[in-house]
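Here is the file run_17.pdb (PDB, C-alpha atoms and all ligand atoms).
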MODEL        1
ATOM      1  CA  MET S 825     -10.900 -21.396   5.535
ATOM      2  CA  ILE S 826      -7.211 -21.126   4.656
ATOM      3  CA  GLN S 827      -6.464 -21.819   0.991
ATOM      4  CA  LEU S 828      -3.077 -23.029  -0.190
ATOM      5  CA  TYR S 829      -2.309 -22.643  -3.882
ATOM      6  CA  GLY S 830       0.410 -25.039  -4.922
ATOM      7  CA  HIS S 831       1.627 -27.910  -7.050
ATOM      8  CA  GLU S 832       2.185 -31.428  -5.773
ATOM      9  CA  MET S 833       5.754 -31.674  -7.154
ATOM     10  CA  SER S 834       6.810 -28.323  -5.694
ATOM     11  CA  GLY S 835       8.931 -28.667  -2.558
ATOM     12  CA  ASN S 836       8.109 -25.079  -1.645
ATOM     13  CA  SER S 837       4.385 -25.853  -1.768
ATOM     14  CA  TYR S 838       5.007 -29.047   0.175
ATOM     15  CA  LYS S 839       6.813 -27.326   3.057
ATOM     16  CA  VAL S 840       3.773 -25.097   3.661
ATOM     17  CA  ARG S 841       1.415 -28.057   3.380
ATOM     18  CA  LEU S 842       3.558 -30.034   5.814
ATOM     19  CA  PHE S 843       3.509 -27.174   8.316
ATOM     20  CA  LEU S 844      -0.278 -26.758   8.032
ATOM     21  CA  GLU S 845      -0.587 -30.475   8.837
ATOM     22  CA  LEU S 846       1.857 -30.276  11.768
ATOM     23  CA  LEU S 847      -0.180 -27.374  13.139
ATOM     24  CA  ASN S 848      -3.329 -29.426  12.586
ATOM     25  CA  LEU S 849      -4.963 -26.574  10.677
ATOM     26  CA  GLU S 850      -7.779 -27.072   8.196
ATOM     27  CA  TYR S 851      -7.108 -25.792   4.712
ATOM     28  CA  GLU S 852      -8.203 -26.163   1.138
ATOM     29  CA  TRP S 853      -5.569 -27.264  -1.407
ATOM     30  CA  VAL S 854      -5.898 -25.427  -4.720
ATOM     31  CA  LYS S 855      -3.795 -27.008  -7.452
ATOM     32  CA  VAL S 856      -2.022 -24.599  -9.790
ATOM     33  CA  ASP S 857      -0.913 -26.718 -12.733
ATOM     34  CA  LEU S 858       2.596 -25.449 -13.447
ATOM     35  CA  MET S 859       2.944 -27.902 -16.353
ATOM     36  CA  LYS S 860      -0.038 -26.270 -18.059
ATOM     37  CA  GLY S 861       1.240 -22.768 -17.285
ATOM     38  CA  GLU S 862      -1.641 -21.918 -14.944
ATOM     39  CA  HIS S 863       0.761 -19.865 -12.788
ATOM     40  CA  GLN S 864       1.049 -17.408 -15.701
ATOM     41  CA  SER S 865      -2.698 -17.021 -16.211
ATOM     42  CA  PRO S 866      -4.099 -13.511 -15.654
ATOM     43  CA  GLU S 867      -6.266 -14.868 -12.809
ATOM     44  CA  TYR S 868      -3.294 -16.321 -10.951
ATOM     45  CA  LEU S 869      -1.011 -13.345 -11.653
ATOM     46  CA  ALA S 870      -3.687 -11.157 -10.070
ATOM     47  CA  LEU S 871      -3.206 -13.184  -6.884
ATOM     48  CA  ASN S 872       0.594 -13.465  -7.095
ATOM     49  CA  PRO S 873       2.304 -11.188  -9.629
ATOM     50  CA  PHE S 874       5.503 -13.261  -9.202
ATOM     51  CA  GLY S 875       3.704 -16.157 -10.927
ATOM     52  CA  GLN S 876       4.986 -18.699  -8.410
ATOM     53  CA  VAL S 877       3.593 -21.199  -5.958
ATOM     54  CA  PRO S 878       3.006 -21.427  -3.052
ATOM     55  CA  LEU S 879       0.470 -18.764  -2.214
ATOM     56  CA  LEU S 880      -1.580 -18.682   0.974
ATOM     57  CA  VAL S 881      -4.915 -16.962   1.379
ATOM     58  CA  ASP S 882      -6.245 -16.603   4.925
ATOM     59  CA  GLY S 883      -9.272 -14.337   5.043
ATOM     60  CA  ASP S 884      -8.070 -10.949   3.789
ATOM     61  CA  THR S 885      -4.423 -12.016   4.016
ATOM     62  CA  LYS S 886      -2.726 -13.022   0.772
ATOM     63  CA  LEU S 887       0.863 -14.157   1.080
ATOM     64  CA  ALA S 888       3.411 -15.548  -1.379
ATOM     65  CA  ASP S 889       6.804 -17.165  -0.698
ATOM     66  CA  ALA S 890       7.108 -20.365   1.314
ATOM     67  CA  GLN S 891       9.411 -18.889   3.964
ATOM     68  CA  ALA S 892       7.179 -15.840   4.487
ATOM     69  CA  ILE S 893       4.159 -18.124   4.774
ATOM     70  CA  LEU S 894       5.927 -20.296   7.371
ATOM     71  CA  VAL S 895       6.665 -17.161   9.417
ATOM     72  CA  TYR S 896       3.042 -16.048   9.165
ATOM     73  CA  LEU S 897       1.590 -19.425  10.147
ATOM     74  CA  ALA S 898       4.091 -19.880  12.977
ATOM     75  CA  ARG S 899       3.201 -16.568  14.601
ATOM     76  CA  GLN S 900      -0.502 -16.563  13.757
ATOM     77  CA  TYR S 901      -1.257 -20.140  14.793
ATOM     78  CA  GLY S 902       1.819 -21.715  16.391
ATOM     79  CA  GLY S 903       2.517 -19.581  19.467
ATOM     80  CA  GLU S 904       6.120 -19.191  20.621
ATOM     81  CA  GLU S 905       7.166 -22.714  19.837
ATOM     82  CA  TRP S 906       7.893 -22.598  16.106
ATOM     83  CA  LEU S 907       9.340 -19.078  15.888
ATOM     84  CA  PRO S 908      10.568 -17.449  19.099
ATOM     85  CA  LEU S 909      10.836 -13.665  18.962
ATOM     86  CA  ASP S 910      13.724 -12.670  21.216
ATOM     87  CA  ALA S 911      16.443 -11.073  19.116
ATOM     88  CA  LEU S 912      18.956 -13.914  19.090
ATOM     89  CA  SER S 913      16.484 -16.802  18.704
ATOM     90  CA  LEU S 914      14.695 -15.042  15.858
ATOM     91  CA  ALA S 915      18.000 -14.445  14.083
ATOM     92  CA  GLN S 916      18.990 -18.099  14.549
ATOM     93  CA  VAL S 917      15.811 -19.274  12.802
ATOM     94  CA  VAL S 918      15.950 -16.628  10.049
ATOM     95  CA  ARG S 919      19.484 -17.740   9.271
ATOM     96  CA  TRP S 920      18.046 -21.090   8.076
ATOM     97  CA  LEU S 921      15.217 -19.452   6.126
ATOM     98  CA  SER S 922      17.908 -17.506   4.326
ATOM     99  CA  THR S 923      19.987 -20.653   3.817
ATOM    100  CA  THR S 924      17.075 -22.433   2.172
ATOM    101  CA  ALA S 925      16.614 -19.564  -0.297
ATOM    102  CA  GLY S 926      20.386 -19.431  -0.878
ATOM    103  CA  GLU S 927      22.610 -22.490  -0.611
ATOM    104  CA  VAL S 928      19.807 -25.080  -0.623
ATOM    105  CA  ARG S 929      18.182 -23.549  -3.703
ATOM    106  CA  GLN S 930      21.505 -23.187  -5.530
ATOM    107  CA  GLY S 931      22.458 -26.773  -4.666
ATOM    108  CA  PRO S 932      20.017 -29.659  -4.220
ATOM    109  CA  GLU S 933      16.939 -27.751  -5.403
ATOM    110  CA  ASN S 934      18.602 -26.806  -8.693
ATOM    111  CA  ALA S 935      19.974 -30.339  -9.190
ATOM    112  CA  ARG S 936      16.404 -31.658  -8.818
ATOM    113  CA  LEU S 937      15.108 -29.070 -11.282
ATOM    114  CA  TYR S 938      17.789 -30.170 -13.759
ATOM    115  CA  HIS S 939      17.191 -33.916 -13.522
ATOM    116  CA  LEU S 940      13.463 -34.097 -12.807
ATOM    117  CA  PHE S 941      12.163 -31.187 -14.871
ATOM    118  CA  GLY S 942      14.848 -30.856 -17.570
ATOM    119  CA  ALA S 943      15.922 -27.340 -16.558
ATOM    120  CA  THR S 944      19.046 -27.507 -18.724
ATOM    121  CA  SER S 945      19.880 -23.824 -18.218
ATOM    122  CA  ILE S 946      21.111 -24.851 -14.755
ATOM    123  CA  ASN S 947      24.840 -25.449 -14.386
ATOM    124  CA  ILE S 948      24.669 -28.935 -12.894
ATOM    125  CA  ASP S 949      28.332 -29.079 -11.844
ATOM    126  CA  ARG S 950      27.882 -25.854  -9.891
ATOM    127  CA  ALA S 951      24.669 -27.236  -8.336
ATOM    128  CA  TYR S 952      26.551 -30.374  -7.209
ATOM    129  CA  GLN S 953      29.354 -28.247  -5.709
ATOM    130  CA  LYS S 954      26.843 -26.130  -3.798
ATOM    131  CA  ALA S 955      24.958 -29.242  -2.682
ATOM    132  CA  GLU S 956      28.099 -30.897  -1.347
ATOM    133  CA  TYR S 957      28.984 -27.719   0.521
ATOM    134  CA  ILE S 958      25.626 -27.250   2.245
ATOM    135  CA  LEU S 959      25.175 -30.958   2.977
ATOM    136  CA  THR S 960      28.627 -31.094   4.578
ATOM    137  CA  GLN S 961      27.832 -28.025   6.677
ATOM    138  CA  LEU S 962      24.441 -29.413   7.694
ATOM    139  CA  ASP S 963      25.888 -32.784   8.605
ATOM    140  CA  LYS S 964      28.485 -31.105  10.820
ATOM    141  CA  HIS S 965      25.851 -28.846  12.398
ATOM    142  CA  LEU S 966      23.557 -31.801  13.128
ATOM    143  CA  SER S 967      26.348 -33.930  14.606
ATOM    144  CA  THR S 968      25.716 -32.342  18.013
ATOM    145  CA  ARG S 969      22.016 -31.484  17.667
ATOM    146  CA  THR S 970      18.654 -33.187  17.271
ATOM    147  CA  TRP S 971      17.066 -30.239  15.453
ATOM    148  CA  LEU S 972      18.552 -27.242  13.658
ATOM    149  CA  GLU S 973      18.086 -24.934  16.661
ATOM    150  CA  PHE S 974      17.036 -25.079  20.336
ATOM    151  CA  GLU S 975      16.608 -28.857  20.585
ATOM    152  CA  ARG S 976      13.047 -28.612  19.299
ATOM    153  CA  THR S 977      11.431 -28.273  15.904
ATOM    154  CA  THR S 978      11.051 -24.781  14.518
ATOM    155  CA  ILE S 979      10.230 -23.480  11.058
ATOM    156  CA  ALA S 980      13.986 -23.679  10.404
ATOM    157  CA  ASP S 981      13.637 -27.472  10.155
ATOM    158  CA  ILE S 982      10.475 -27.243   8.044
ATOM    159  CA  ALA S 983      12.040 -24.750   5.619
ATOM    160  CA  ILE S 984      15.252 -26.727   5.116
ATOM    161  CA  PHE S 985      13.799 -30.248   5.097
ATOM    162  CA  PRO S 986      12.083 -30.713   1.687
ATOM    163  CA  TYR S 987      14.861 -29.981  -0.782
ATOM    164  CA  ILE S 988      17.467 -31.690   1.398
ATOM    165  CA  ALA S 989      15.352 -34.842   1.704
ATOM    166  CA  LEU S 990      14.521 -34.662  -2.032
ATOM    167  CA  ALA S 991      18.220 -34.448  -2.986
ATOM    168  CA  PRO S 992      18.186 -37.991  -4.470
ATOM    169  CA  ASP S 993      15.741 -36.650  -7.125
ATOM    170  CA  GLY S 994      18.715 -34.532  -8.226
ATOM    171  CA  LYS S 995      20.970 -37.618  -8.270
ATOM    172  CA  ILE S 996      22.647 -36.602  -5.018
ATOM    173  CA  ASP S 997      23.395 -39.506  -2.708
ATOM    174  CA  LEU S 998      22.791 -38.686   0.954
ATOM    175  CA  ALA S 999      24.643 -41.789   2.254
ATOM    176  CA  SER S1000      27.756 -39.729   3.127
ATOM    177  CA  TYR S1001      25.686 -37.510   5.425
ATOM    178  CA  PRO S1002      24.500 -39.791   8.273
ATOM    179  CA  ASN S1003      23.486 -36.948  10.607
ATOM    180  CA  VAL S1004      21.358 -35.404   7.869
ATOM    181  CA  LEU S1005      19.741 -38.791   7.195
ATOM    182  CA  ALA S1006      18.962 -39.265  10.898
ATOM    183  CA  TRP S1007      17.418 -35.756  11.071
ATOM    184  CA  ILE S1008      15.271 -36.536   7.989
ATOM    185  CA  GLU S1009      14.003 -39.664   9.727
ATOM    186  CA  ARG S1010      13.195 -37.683  12.895
ATOM    187  CA  ILE S1011      11.135 -35.209  10.866
ATOM    188  CA  LYS S1012       9.266 -38.101   9.248
ATOM    189  CA  GLN S1013       8.263 -39.253  12.748
ATOM    190  CA  LEU S1014       6.651 -35.924  13.751
ATOM    191  CA  PRO S1015       2.928 -36.229  14.542
ATOM    192  CA  GLY S1016       1.003 -34.976  11.513
ATOM    193  CA  TYR S1017       3.866 -35.604   9.071
ATOM    194  CA  ILE S1018       2.785 -36.068   5.453
ATOM    195  CA  PRO S1019       5.040 -37.184   2.586
ATOM    196  CA  MET S1020       5.266 -35.989  -1.003
ATOM    197  CA  ALA S1021       6.396 -37.856  -4.116
ATOM    198  CA  GLY S1022      10.103 -38.625  -3.708
ATOM    199  CA  LEU S1023      10.004 -38.791   0.093
TER     200      LEU S1023
HETATM  201  N1  LIG Z   1      10.893 -17.727  -3.196
HETATM  202  C1  LIG Z   1       9.773 -18.551  -3.542
HETATM  203  C2  LIG Z   1      10.117 -19.432  -4.718
HETATM  204  C3  LIG Z   1       8.910 -20.209  -5.185
HETATM  205  C4  LIG Z   1       9.207 -21.034  -6.415
HETATM  206  O1  LIG Z   1      10.301 -21.040  -6.955
HETATM  207  N2  LIG Z   1       8.182 -21.753  -6.822
HETATM  208  C5  LIG Z   1       8.298 -22.599  -7.987
HETATM  209  C6  LIG Z   1       7.771 -23.996  -7.664
HETATM  210  S1  LIG Z   1       8.722 -24.742  -6.363
HETATM  211  C7  LIG Z   1       7.452 -21.998  -9.076
HETATM  212  O2  LIG Z   1       6.378 -21.511  -8.842
HETATM  213  N3  LIG Z   1       7.971 -22.044 -10.304
HETATM  214  C8  LIG Z   1       7.288 -21.532 -11.455
HETATM  215  C9  LIG Z   1       8.005 -20.368 -12.044
HETATM  216  O3  LIG Z   1       8.829 -19.733 -11.370
HETATM  217  O4  LIG Z   1       7.724 -20.079 -13.195
HETATM  218  C10 LIG Z   1       9.367 -19.422  -2.343
HETATM  219  O5  LIG Z   1      10.227 -19.711  -1.499
HETATM  220  O6  LIG Z   1       8.193 -19.795  -2.245
ENDMDL
END

Rendering of file as structure tokens:
Amino acid sequence: MIQLYGHEMSGNSYKVRLFLELLNLEYEWVKVDLMKGEHQSPEYLALNPFGQVPLLVDGDTKLADAQAILVYLARQYGGEEWLPLDALSLAQVVRWLSTTAGEVRQGPENARLYHLFGATSINIDRAYQKAEYILTQLDKHLSTRTWLEFERTTIADIAIFPYIALAPDGKIDLASYPNVLAWIERIKQLPGYIPMAGL
């Protein structure tokens, strides 16, 4: 059976868990207690030398990084629907995977780390600037669309969703972004949707 190593307060772990549920796949959840430093234990580092969650184990396949795992699950179990492979469509989805690791991480994800987990090394003013930028862009993008690409859900939506929806944990008010709020609500209506703390 698939095993997902993660932590319940990790949005990156959550996005993989959410996708497993949307795909209706069976899996075992293995908690890695980040607060106790379990991600730095020799046993865990042997599985993922980066010392991060999430990590997916599927038979002989061992895969770290939420975006990479979404790609794997989409192609292994989701058919064409979640990640189309023609050159342009693939690029359109990858663009959002890149955005989640870039602007979303630098903005709302870092603001959440600062306020919820006391990561004071983060420059909170810079995180707010980045958050405002990406939220404004997203709101504009979603003003003419139901989903991020192709008028159906893809792993682009799943990758971007958690840290945008969790922005209030970083003391970012989403009220000025009505199209983003409507998209968040649509995702919450997907069959198989599961929440996490803060959502
Ligand atoms: N690029 C990785 C980042 C994963 C990541 O930052 N995980 C956090 C939890 S959300 C973590 O494990 N932090 C512990 C650490 O880095 O020490 C991904 O997208 O999965």

Who sits within 8 Å of Leu894 (chain S), only C-alpha atoms, same chain under 6 positions skipped, as a PyMOL selection string: chain S and resi 840+843+979+983

Env. residues ligand LIG 1 (chain Z) / 7 Å / only C-alpha atoms and all ligand atoms / as JSON, numbers by chain: {"S": [834, 835, 836, 837, 858, 863, 875, 876, 877, 878, 888, 889, 890, 891, 925]}

The PyMOL selection byres (((chain S and resi 963-970) around 9) and not hetatm) resolved against shown file, as a VMD selection string: chain S and resid 958 to 962 971 to 977 1001 to 1007 1010

Can I get the selection written as a PDB file, keeping the file's coordinate frame, with C-alpha atoms?
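This went into selection-v2.pdb:
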ATOM      1  CA  ILE S 958      25.626 -27.250   2.245  1.00  0.00           C
ATOM      2  CA  LEU S 959      25.175 -30.958   2.977  1.00  0.00           C
ATOM      3  CA  THR S 960      28.627 -31.094   4.578  1.00  0.00           C
ATOM      4  CA  GLN S 961      27.832 -28.025   6.677  1.00  0.00           C
ATOM      5  CA  LEU S 962      24.441 -29.413   7.694  1.00  0.00           C
ATOM      6  CA  TRP S 971      17.066 -30.239  15.453  1.00  0.00           C
ATOM      7  CA  LEU S 972      18.552 -27.242  13.658  1.00  0.00           C
ATOM      8  CA  GLU S 973      18.086 -24.934  16.661  1.00  0.00           C
ATOM      9  CA  PHE S 974      17.036 -25.079  20.336  1.00  0.00           C
ATOM     10  CA  GLU S 975      16.608 -28.857  20.585  1.00  0.00           C
ATOM     11  CA  ARG S 976      13.047 -28.612  19.299  1.00  0.00           C
ATOM     12  CA  THR S 977      11.431 -28.273  15.904  1.00  0.00           C
ATOM     13  CA  TYR S1001      25.686 -37.510   5.425  1.00  0.00           C
ATOM     14  CA  PRO S1002      24.500 -39.791   8.273  1.00  0.00           C
ATOM     15  CA  ASN S1003      23.486 -36.948  10.607  1.00  0.00           C
ATOM     16  CA  VAL S1004      21.358 -35.404   7.869  1.00  0.00           C
ATOM     17  CA  LEU S1005      19.741 -38.791   7.195  1.00  0.00           C
ATOM     18  CA  ALA S1006      18.962 -39.265  10.898  1.00  0.00           C
ATOM     19  CA  TRP S1007      17.418 -35.756  11.071  1.00  0.00           C
ATOM     20  CA  ARG S1010      13.195 -37.683  12.895  1.00  0.00           C
TER      21      ARG S1010
END

Given the PyMOL selection byres (((chain S and resi 897) around 12) and not hetatm), the residues it picks as a ChimeraX atom specification: /S:826,828,839-849,880-882,885,887,890-896,898-907,978-979

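You will find CA of Lys1012 (chain S) at 20.5 Å from CA of Arg936 (chain S).
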
Decode the PyMOL selection byres (((chain S and resi 953) around 12) and not hetatm) for the given file into explicit residues and return them as a PDB file with C-alpha atoms, in the frame of the given file.
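Written file, part31.pdb:
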ATOM      1  CA  GLU S 927      22.610 -22.490  -0.611  1.00  0.00           C
ATOM      2  CA  VAL S 928      19.807 -25.080  -0.623  1.00  0.00           C
ATOM      3  CA  GLN S 930      21.505 -23.187  -5.530  1.00  0.00           C
ATOM      4  CA  GLY S 931      22.458 -26.773  -4.666  1.00  0.00           C
ATOM      5  CA  PRO S 932      20.017 -29.659  -4.220  1.00  0.00           C
ATOM      6  CA  ASN S 934      18.602 -26.806  -8.693  1.00  0.00           C
ATOM      7  CA  ALA S 935      19.974 -30.339  -9.190  1.00  0.00           C
ATOM      8  CA  ASN S 947      24.840 -25.449 -14.386  1.00  0.00           C
ATOM      9  CA  ILE S 948      24.669 -28.935 -12.894  1.00  0.00           C
ATOM     10  CA  ASP S 949      28.332 -29.079 -11.844  1.00  0.00           C
ATOM     11  CA  ARG S 950      27.882 -25.854  -9.891  1.00  0.00           C
ATOM     12  CA  ALA S 951      24.669 -27.236  -8.336  1.00  0.00           C
ATOM     13  CA  TYR S 952      26.551 -30.374  -7.209  1.00  0.00           C
ATOM     14  CA  LYS S 954      26.843 -26.130  -3.798  1.00  0.00           C
ATOM     15  CA  ALA S 955      24.958 -29.242  -2.682  1.00  0.00           C
ATOM     16  CA  GLU S 956      28.099 -30.897  -1.347  1.00  0.00           C
ATOM     17  CA  TYR S 957      28.984 -27.719   0.521  1.00  0.00           C
ATOM     18  CA  ILE S 958      25.626 -27.250   2.245  1.00  0.00           C
ATOM     19  CA  LEU S 959      25.175 -30.958   2.977  1.00  0.00           C
ATOM     20  CA  THR S 960      28.627 -31.094   4.578  1.00  0.00           C
ATOM     21  CA  ILE S 996      22.647 -36.602  -5.018  1.00  0.00           C
TER      22      ILE S 996
END

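Residue nearest Asp884 (chain S), chosen from S:Gln827, S:Lys855, S:Ala870, S:Glu862 and counting all atoms listed in the file: S:Gln827.
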
Nearest to Val918 (chain S) by atom-to-atom distance, counting only C-alpha atoms, from S:Ile946, S:Gln864, S:Asp981, S:Leu940: S:Asp981
